[in-house]
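Worksheet for the structure shown next.
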Amino acid sequence: MKFVVSIHQDEDGMYIAECPSIPGCVSQGQTEQEAEAHVVDAIRECLAVRTELGMPLTVMTREVEVTA
């Protein structure tokens, strides 16, 4: 399965990675690459827990346009 993840740097310099299609699926790392590797592990764990609990694996995500 392929997932979109977002990665940003926080005020302490850590990189935060999250998977918007899996609520609460977040990880971090000292580099972008480390954060990406960690979120891949987090995705695996979240999918396993959601499967065990009988929850849908993902939630619907959409792209919307906002005019300023």
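Each chain in the structure tokens gets a letter, A, B and so on, in the order shown; residues start at 1 in every chain, and ligands are counted from 1 in the order they appear.
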For Ile43 in chain A, please output as a PDB file with all heavy atoms, in the first residue's frame all residues within 12 Å (counting only C-alpha atoms; exclusion window: fewer than 5 positions along the same chain).
ATOM      1  N   MET A   1       0.842  -1.177   0.000  1.00  0.00           N
ATOM      2  CA  MET A   1       0.000   0.000   0.000  1.00  0.00           C
ATOM      3  C   MET A   1       0.886   1.238   0.000  1.00  0.00           C
ATOM      4  O   MET A   1       1.959   1.236   0.586  1.00  0.00           O
ATOM      5  CB  MET A   1      -0.890   0.025   1.242  1.00  0.00           C
ATOM      6  CG  MET A   1      -1.881  -1.116   1.342  1.00  0.00           C
ATOM      7  SD  MET A   1      -2.802  -1.107   2.893  1.00  0.00           S
ATOM      8  CE  MET A   1      -4.037   0.111   2.519  1.00  0.00           C
ATOM      9  N   LYS A   2       0.412   2.272  -0.640  1.00  0.00           N
ATOM     10  CA  LYS A   2       1.130   3.545  -0.651  1.00  0.00           C
ATOM     11  C   LYS A   2       0.317   4.568   0.133  1.00  0.00           C
ATOM     12  O   LYS A   2      -0.899   4.599   0.034  1.00  0.00           O
ATOM     13  CB  LYS A   2       1.345   4.050  -2.072  1.00  0.00           C
ATOM     14  CG  LYS A   2       2.351   3.247  -2.854  1.00  0.00           C
ATOM     15  CD  LYS A   2       2.624   3.897  -4.187  1.00  0.00           C
ATOM     16  CE  LYS A   2       3.658   3.090  -4.948  1.00  0.00           C
ATOM     17  NZ  LYS A   2       4.047   3.755  -6.196  1.00  0.00           N
ATOM     18  N   PHE A   3       1.019   5.408   0.899  1.00  0.00           N
ATOM     19  CA  PHE A   3       0.380   6.445   1.693  1.00  0.00           C
ATOM     20  C   PHE A   3       1.090   7.770   1.480  1.00  0.00           C
ATOM     21  O   PHE A   3       2.306   7.808   1.305  1.00  0.00           O
ATOM     22  CB  PHE A   3       0.445   6.100   3.191  1.00  0.00           C
ATOM     23  CG  PHE A   3      -0.377   4.917   3.563  1.00  0.00           C
ATOM     24  CD1 PHE A   3       0.183   3.649   3.609  1.00  0.00           C
ATOM     25  CD2 PHE A   3      -1.719   5.056   3.870  1.00  0.00           C
ATOM     26  CE1 PHE A   3      -0.568   2.542   3.956  1.00  0.00           C
ATOM     27  CE2 PHE A   3      -2.486   3.951   4.214  1.00  0.00           C
ATOM     28  CZ  PHE A   3      -1.908   2.704   4.257  1.00  0.00           C
ATOM     29  N   VAL A   4       0.328   8.836   1.531  1.00  0.00           N
ATOM     30  CA  VAL A   4       0.895  10.185   1.520  1.00  0.00           C
ATOM     31  C   VAL A   4       1.265  10.522   2.953  1.00  0.00           C
ATOM     32  O   VAL A   4       0.497  10.267   3.880  1.00  0.00           O
ATOM     33  CB  VAL A   4      -0.131  11.213   0.980  1.00  0.00           C
ATOM     34  CG1 VAL A   4       0.378  12.627   1.144  1.00  0.00           C
ATOM     35  CG2 VAL A   4      -0.440  10.918  -0.479  1.00  0.00           C
ATOM     36  N   VAL A   5       2.467  11.057   3.160  1.00  0.00           N
ATOM     37  CA  VAL A   5       2.871  11.526   4.481  1.00  0.00           C
ATOM     38  C   VAL A   5       3.295  12.987   4.361  1.00  0.00           C
ATOM     39  O   VAL A   5       3.753  13.431   3.307  1.00  0.00           O
ATOM     40  CB  VAL A   5       4.011  10.686   5.093  1.00  0.00           C
ATOM     41  CG1 VAL A   5       3.591   9.253   5.297  1.00  0.00           C
ATOM     42  CG2 VAL A   5       5.268  10.735   4.257  1.00  0.00           C
ATOM     43  N   ALA A  17       6.647  13.627  11.124  1.00  0.00           N
ATOM     44  CA  ALA A  17       6.044  12.985   9.954  1.00  0.00           C
ATOM     45  C   ALA A  17       4.706  12.414  10.376  1.00  0.00           C
ATOM     46  O   ALA A  17       4.590  11.795  11.428  1.00  0.00           O
ATOM     47  CB  ALA A  17       6.940  11.876   9.434  1.00  0.00           C
ATOM     48  N   GLU A  18       3.683  12.653   9.551  1.00  0.00           N
ATOM     49  CA  GLU A  18       2.383  12.066   9.850  1.00  0.00           C
ATOM     50  C   GLU A  18       1.699  11.587   8.584  1.00  0.00           C
ATOM     51  O   GLU A  18       1.966  12.067   7.493  1.00  0.00           O
ATOM     52  CB  GLU A  18       1.501  13.005  10.653  1.00  0.00           C
ATOM     53  CG  GLU A  18       1.115  14.280   9.987  1.00  0.00           C
ATOM     54  CD  GLU A  18       0.327  15.173  10.943  1.00  0.00           C
ATOM     55  OE1 GLU A  18      -0.653  14.704  11.557  1.00  0.00           O
ATOM     56  OE2 GLU A  18       0.699  16.335  11.067  1.00  0.00           O
ATOM     57  N   CYS A  19       0.811  10.633   8.790  1.00  0.00           N
ATOM     58  CA  CYS A  19       0.041  10.061   7.692  1.00  0.00           C
ATOM     59  C   CYS A  19      -1.406  10.512   7.869  1.00  0.00           C
ATOM     60  O   CYS A  19      -2.110   9.996   8.729  1.00  0.00           O
ATOM     61  CB  CYS A  19       0.143   8.541   7.733  1.00  0.00           C
ATOM     62  SG  CYS A  19      -0.761   7.743   6.412  1.00  0.00           S
ATOM     63  N   PRO A  20      -1.853  11.492   7.079  1.00  0.00           N
ATOM     64  CA  PRO A  20      -3.187  12.055   7.282  1.00  0.00           C
ATOM     65  C   PRO A  20      -4.338  11.065   7.087  1.00  0.00           C
ATOM     66  O   PRO A  20      -5.411  11.270   7.630  1.00  0.00           O
ATOM     67  CB  PRO A  20      -3.280  13.190   6.271  1.00  0.00           C
ATOM     68  CG  PRO A  20      -2.040  13.200   5.484  1.00  0.00           C
ATOM     69  CD  PRO A  20      -1.127  12.143   6.005  1.00  0.00           C
ATOM     70  N   SER A  21      -4.116   9.993   6.363  1.00  0.00           N
ATOM     71  CA  SER A  21      -5.217   9.061   6.137  1.00  0.00           C
ATOM     72  C   SER A  21      -5.385   8.046   7.272  1.00  0.00           C
ATOM     73  O   SER A  21      -6.314   7.247   7.258  1.00  0.00           O
ATOM     74  CB  SER A  21      -5.051   8.339   4.795  1.00  0.00           C
ATOM     75  OG  SER A  21      -3.867   7.584   4.776  1.00  0.00           O
ATOM     76  N   ILE A  22      -4.477   8.098   8.272  1.00  0.00           N
ATOM     77  CA  ILE A  22      -4.605   7.234   9.449  1.00  0.00           C
ATOM     78  C   ILE A  22      -4.556   8.142  10.676  1.00  0.00           C
ATOM     79  O   ILE A  22      -3.489   8.616  11.064  1.00  0.00           O
ATOM     80  CB  ILE A  22      -3.479   6.183   9.524  1.00  0.00           C
ATOM     81  CG1 ILE A  22      -3.422   5.357   8.247  1.00  0.00           C
ATOM     82  CG2 ILE A  22      -3.686   5.283  10.743  1.00  0.00           C
ATOM     83  CD1 ILE A  22      -2.252   4.403   8.180  1.00  0.00           C
ATOM     84  N   PRO A  23      -5.694   8.414  11.297  1.00  0.00           N
ATOM     85  CA  PRO A  23      -5.733   9.328  12.435  1.00  0.00           C
ATOM     86  C   PRO A  23      -4.762   8.920  13.544  1.00  0.00           C
ATOM     87  O   PRO A  23      -4.691   7.753  13.925  1.00  0.00           O
ATOM     88  CB  PRO A  23      -7.178   9.224  12.941  1.00  0.00           C
ATOM     89  CG  PRO A  23      -7.955   8.766  11.748  1.00  0.00           C
ATOM     90  CD  PRO A  23      -7.019   7.873  10.991  1.00  0.00           C
ATOM     91  N   GLY A  24      -3.974   9.892  14.000  1.00  0.00           N
ATOM     92  CA  GLY A  24      -3.035   9.657  15.093  1.00  0.00           C
ATOM     93  C   GLY A  24      -1.732   9.000  14.694  1.00  0.00           C
ATOM     94  O   GLY A  24      -0.895   8.729  15.543  1.00  0.00           O
ATOM     95  N   CYS A  25      -1.529   8.759  13.415  1.00  0.00           N
ATOM     96  CA  CYS A  25      -0.305   8.097  12.952  1.00  0.00           C
ATOM     97  C   CYS A  25       0.777   9.147  12.713  1.00  0.00           C
ATOM     98  O   CYS A  25       0.842   9.768  11.655  1.00  0.00           O
ATOM     99  CB  CYS A  25      -0.580   7.295  11.683  1.00  0.00           C
ATOM    100  SG  CYS A  25       0.814   6.262  11.214  1.00  0.00           S
ATOM    101  N   VAL A  26       1.613   9.339  13.736  1.00  0.00           N
ATOM    102  CA  VAL A  26       2.632  10.386  13.723  1.00  0.00           C
ATOM    103  C   VAL A  26       3.936   9.807  14.252  1.00  0.00           C
ATOM    104  O   VAL A  26       3.937   8.960  15.132  1.00  0.00           O
ATOM    105  CB  VAL A  26       2.205  11.567  14.628  1.00  0.00           C
ATOM    106  CG1 VAL A  26       3.251  12.664  14.640  1.00  0.00           C
ATOM    107  CG2 VAL A  26       0.866  12.120  14.205  1.00  0.00           C
ATOM    108  N   SER A  27       5.051  10.292  13.724  1.00  0.00           N
ATOM    109  CA  SER A  27       6.356   9.925  14.239  1.00  0.00           C
ATOM    110  C   SER A  27       7.293  11.094  14.055  1.00  0.00           C
ATOM    111  O   SER A  27       6.890  12.155  13.567  1.00  0.00           O
ATOM    112  CB  SER A  27       6.885   8.666  13.532  1.00  0.00           C
ATOM    113  OG  SER A  27       7.964   8.131  14.270  1.00  0.00           O
ATOM    114  N   GLU A  36      10.871   9.919   8.054  1.00  0.00           N
ATOM    115  CA  GLU A  36      10.155   9.114   7.054  1.00  0.00           C
ATOM    116  C   GLU A  36      10.244   7.621   7.388  1.00  0.00           C
ATOM    117  O   GLU A  36       9.244   6.905   7.327  1.00  0.00           O
ATOM    118  CB  GLU A  36      10.725   9.375   5.662  1.00  0.00           C
ATOM    119  CG  GLU A  36       9.986   8.652   4.565  1.00  0.00           C
ATOM    120  CD  GLU A  36      10.510   8.983   3.180  1.00  0.00           C
ATOM    121  OE1 GLU A  36      10.964  10.118   2.945  1.00  0.00           O
ATOM    122  OE2 GLU A  36      10.451   8.084   2.329  1.00  0.00           O
ATOM    123  N   ALA A  37      11.421   7.161   7.758  1.00  0.00           N
ATOM    124  CA  ALA A  37      11.579   5.750   8.121  1.00  0.00           C
ATOM    125  C   ALA A  37      10.735   5.406   9.348  1.00  0.00           C
ATOM    126  O   ALA A  37      10.099   4.345   9.398  1.00  0.00           O
ATOM    127  CB  ALA A  37      13.051   5.435   8.382  1.00  0.00           C
ATOM    128  N   HIS A  38      10.706   6.312  10.314  1.00  0.00           N
ATOM    129  CA  HIS A  38       9.929   6.060  11.529  1.00  0.00           C
ATOM    130  C   HIS A  38       8.432   6.051  11.257  1.00  0.00           C
ATOM    131  O   HIS A  38       7.697   5.248  11.844  1.00  0.00           O
ATOM    132  CB  HIS A  38      10.265   7.099  12.598  1.00  0.00           C
ATOM    133  CG  HIS A  38      11.632   6.931  13.171  1.00  0.00           C
ATOM    134  ND1 HIS A  38      12.178   7.831  14.046  1.00  0.00           N
ATOM    135  CD2 HIS A  38      12.583   5.977  12.998  1.00  0.00           C
ATOM    136  CE1 HIS A  38      13.395   7.444  14.389  1.00  0.00           C
ATOM    137  NE2 HIS A  38      13.662   6.319  13.756  1.00  0.00           N
ATOM    138  N   ALA A  48      -1.889  -2.525  11.909  1.00  0.00           N
ATOM    139  CA  ALA A  48      -2.057  -3.763  12.668  1.00  0.00           C
ATOM    140  C   ALA A  48      -3.085  -3.572  13.780  1.00  0.00           C
ATOM    141  O   ALA A  48      -3.968  -4.421  13.975  1.00  0.00           O
ATOM    142  CB  ALA A  48      -0.715  -4.214  13.244  1.00  0.00           C
ATOM    143  N   VAL A  49      -2.998  -2.467  14.496  1.00  0.00           N
ATOM    144  CA  VAL A  49      -3.938  -2.198  15.591  1.00  0.00           C
ATOM    145  C   VAL A  49      -5.343  -2.008  15.048  1.00  0.00           C
ATOM    146  O   VAL A  49      -6.314  -2.556  15.580  1.00  0.00           O
ATOM    147  CB  VAL A  49      -3.488  -0.970  16.413  1.00  0.00           C
ATOM    148  CG1 VAL A  49      -4.582  -0.508  17.357  1.00  0.00           C
ATOM    149  CG2 VAL A  49      -2.212  -1.284  17.176  1.00  0.00           C
ATOM    150  N   ARG A  50      -5.473  -1.235  13.968  1.00  0.00           N
ATOM    151  CA  ARG A  50      -6.797  -0.994  13.399  1.00  0.00           C
ATOM    152  C   ARG A  50      -7.408  -2.302  12.894  1.00  0.00           C
ATOM    153  O   ARG A  50      -8.606  -2.537  13.044  1.00  0.00           O
ATOM    154  CB  ARG A  50      -6.721   0.069  12.307  1.00  0.00           C
ATOM    155  CG  ARG A  50      -6.375   1.453  12.874  1.00  0.00           C
ATOM    156  CD  ARG A  50      -6.212   2.497  11.776  1.00  0.00           C
ATOM    157  NE  ARG A  50      -7.499   2.915  11.246  1.00  0.00           N
ATOM    158  CZ  ARG A  50      -8.276   3.846  11.792  1.00  0.00           C
ATOM    159  NH1 ARG A  50      -7.903   4.466  12.889  1.00  0.00           N
ATOM    160  NH2 ARG A  50      -9.431   4.167  11.230  1.00  0.00           N
ATOM    161  N   LEU A  57      -9.083   0.629   7.845  1.00  0.00           N
ATOM    162  CA  LEU A  57      -7.643   0.899   7.843  1.00  0.00           C
ATOM    163  C   LEU A  57      -7.322   2.378   7.701  1.00  0.00           C
ATOM    164  O   LEU A  57      -6.357   2.870   8.279  1.00  0.00           O
ATOM    165  CB  LEU A  57      -6.950   0.094   6.746  1.00  0.00           C
ATOM    166  CG  LEU A  57      -6.992  -1.423   6.923  1.00  0.00           C
ATOM    167  CD1 LEU A  57      -6.234  -2.102   5.796  1.00  0.00           C
ATOM    168  CD2 LEU A  57      -6.448  -1.836   8.276  1.00  0.00           C
ATOM    169  N   THR A  58      -8.107   3.075   6.903  1.00  0.00           N
ATOM    170  CA  THR A  58      -7.848   4.491   6.669  1.00  0.00           C
ATOM    171  C   THR A  58      -9.153   5.266   6.720  1.00  0.00           C
ATOM    172  O   THR A  58     -10.231   4.690   6.722  1.00  0.00           O
ATOM    173  CB  THR A  58      -7.205   4.720   5.279  1.00  0.00           C
ATOM    174  OG1 THR A  58      -8.102   4.279   4.266  1.00  0.00           O
ATOM    175  CG2 THR A  58      -5.872   4.004   5.144  1.00  0.00           C
TER     176      THR A  58
END
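Backbone DSSP of chain A yields alpha helix (DSSP H) at A:Glu32, A:Gln33, A:Glu34, A:Ala35, A:Glu36, A:Ala37, A:His38, A:Val39, A:Val40, A:Asp41, A:Ala42, A:Ile43, A:Arg44, A:Glu45, A:Cys46, A:Leu47, A:Ala48, A:Val49, A:Arg50, A:Thr51, A:Glu52.
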*What is the distance, in Å and to one decimal place, between CA of Glu65 in chain A and CA of Ile7 in chain A?*
20.8 Å
*Between CA of Val39 in chain A and CA of Tyr15 in chain A, measure the distance and give it in Å to one decimal.*
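According to the coordinates, CA of Val39 in chain A and CA of Tyr15 in chain A are separated by 10.8 Å.
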*Give the strand (DSSP E) residues of chain A, as DSSP finds them on the backbone, and put them as a list in words.*
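Checking each residue of chain A, the strand (DSSP E) ones are Ser6, Ile7, His8, Gln9, Tyr15, Ile16, Ala17, Glu18, Val26, Ser27, Gln28 and Gly29 of chain A.
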Write the residues of the preceding selection, restricted to N, CA and C atoms, as a PDB file, in the first residue's frame.
ATOM      1  N   SER A   6       3.119  13.717   5.441  1.00  0.00           N
ATOM      2  CA  SER A   6       3.622  15.090   5.479  1.00  0.00           C
ATOM      3  C   SER A   6       4.762  15.131   6.482  1.00  0.00           C
ATOM      4  N   ILE A   7       5.775  15.911   6.161  1.00  0.00           N
ATOM      5  CA  ILE A   7       6.945  16.050   7.034  1.00  0.00           C
ATOM      6  C   ILE A   7       7.234  17.530   7.185  1.00  0.00           C
ATOM      7  N   HIS A   8       7.374  17.972   8.439  1.00  0.00           N
ATOM      8  CA  HIS A   8       7.750  19.363   8.683  1.00  0.00           C
ATOM      9  C   HIS A   8       8.694  19.421   9.876  1.00  0.00           C
ATOM     10  N   GLN A   9       9.437  20.507   9.957  1.00  0.00           N
ATOM     11  CA  GLN A   9      10.376  20.694  11.050  1.00  0.00           C
ATOM     12  C   GLN A   9       9.712  21.527  12.134  1.00  0.00           C
ATOM     13  N   TYR A  15      12.076  16.692  13.026  1.00  0.00           N
ATOM     14  CA  TYR A  15      11.195  16.533  11.874  1.00  0.00           C
ATOM     15  C   TYR A  15      10.019  15.652  12.294  1.00  0.00           C
ATOM     16  N   ILE A  16       8.824  16.147  12.040  1.00  0.00           N
ATOM     17  CA  ILE A  16       7.589  15.462  12.392  1.00  0.00           C
ATOM     18  C   ILE A  16       6.980  14.914  11.108  1.00  0.00           C
ATOM     19  N   ALA A  17       6.647  13.627  11.124  1.00  0.00           N
ATOM     20  CA  ALA A  17       6.044  12.985   9.954  1.00  0.00           C
ATOM     21  C   ALA A  17       4.706  12.414  10.376  1.00  0.00           C
ATOM     22  N   GLU A  18       3.683  12.653   9.551  1.00  0.00           N
ATOM     23  CA  GLU A  18       2.383  12.066   9.850  1.00  0.00           C
ATOM     24  C   GLU A  18       1.699  11.587   8.584  1.00  0.00           C
ATOM     25  N   VAL A  26       1.613   9.339  13.736  1.00  0.00           N
ATOM     26  CA  VAL A  26       2.632  10.386  13.723  1.00  0.00           C
ATOM     27  C   VAL A  26       3.936   9.807  14.252  1.00  0.00           C
ATOM     28  N   SER A  27       5.051  10.292  13.724  1.00  0.00           N
ATOM     29  CA  SER A  27       6.356   9.925  14.239  1.00  0.00           C
ATOM     30  C   SER A  27       7.293  11.094  14.055  1.00  0.00           C
ATOM     31  N   GLN A  28       8.541  10.921  14.440  1.00  0.00           N
ATOM     32  CA  GLN A  28       9.510  12.010  14.321  1.00  0.00           C
ATOM     33  C   GLN A  28      10.905  11.459  14.114  1.00  0.00           C
ATOM     34  N   GLY A  29      11.828  12.350  13.792  1.00  0.00           N
ATOM     35  CA  GLY A  29      13.230  11.984  13.635  1.00  0.00           C
ATOM     36  C   GLY A  29      14.094  13.226  13.622  1.00  0.00           C
TER      37      GLY A  29
END
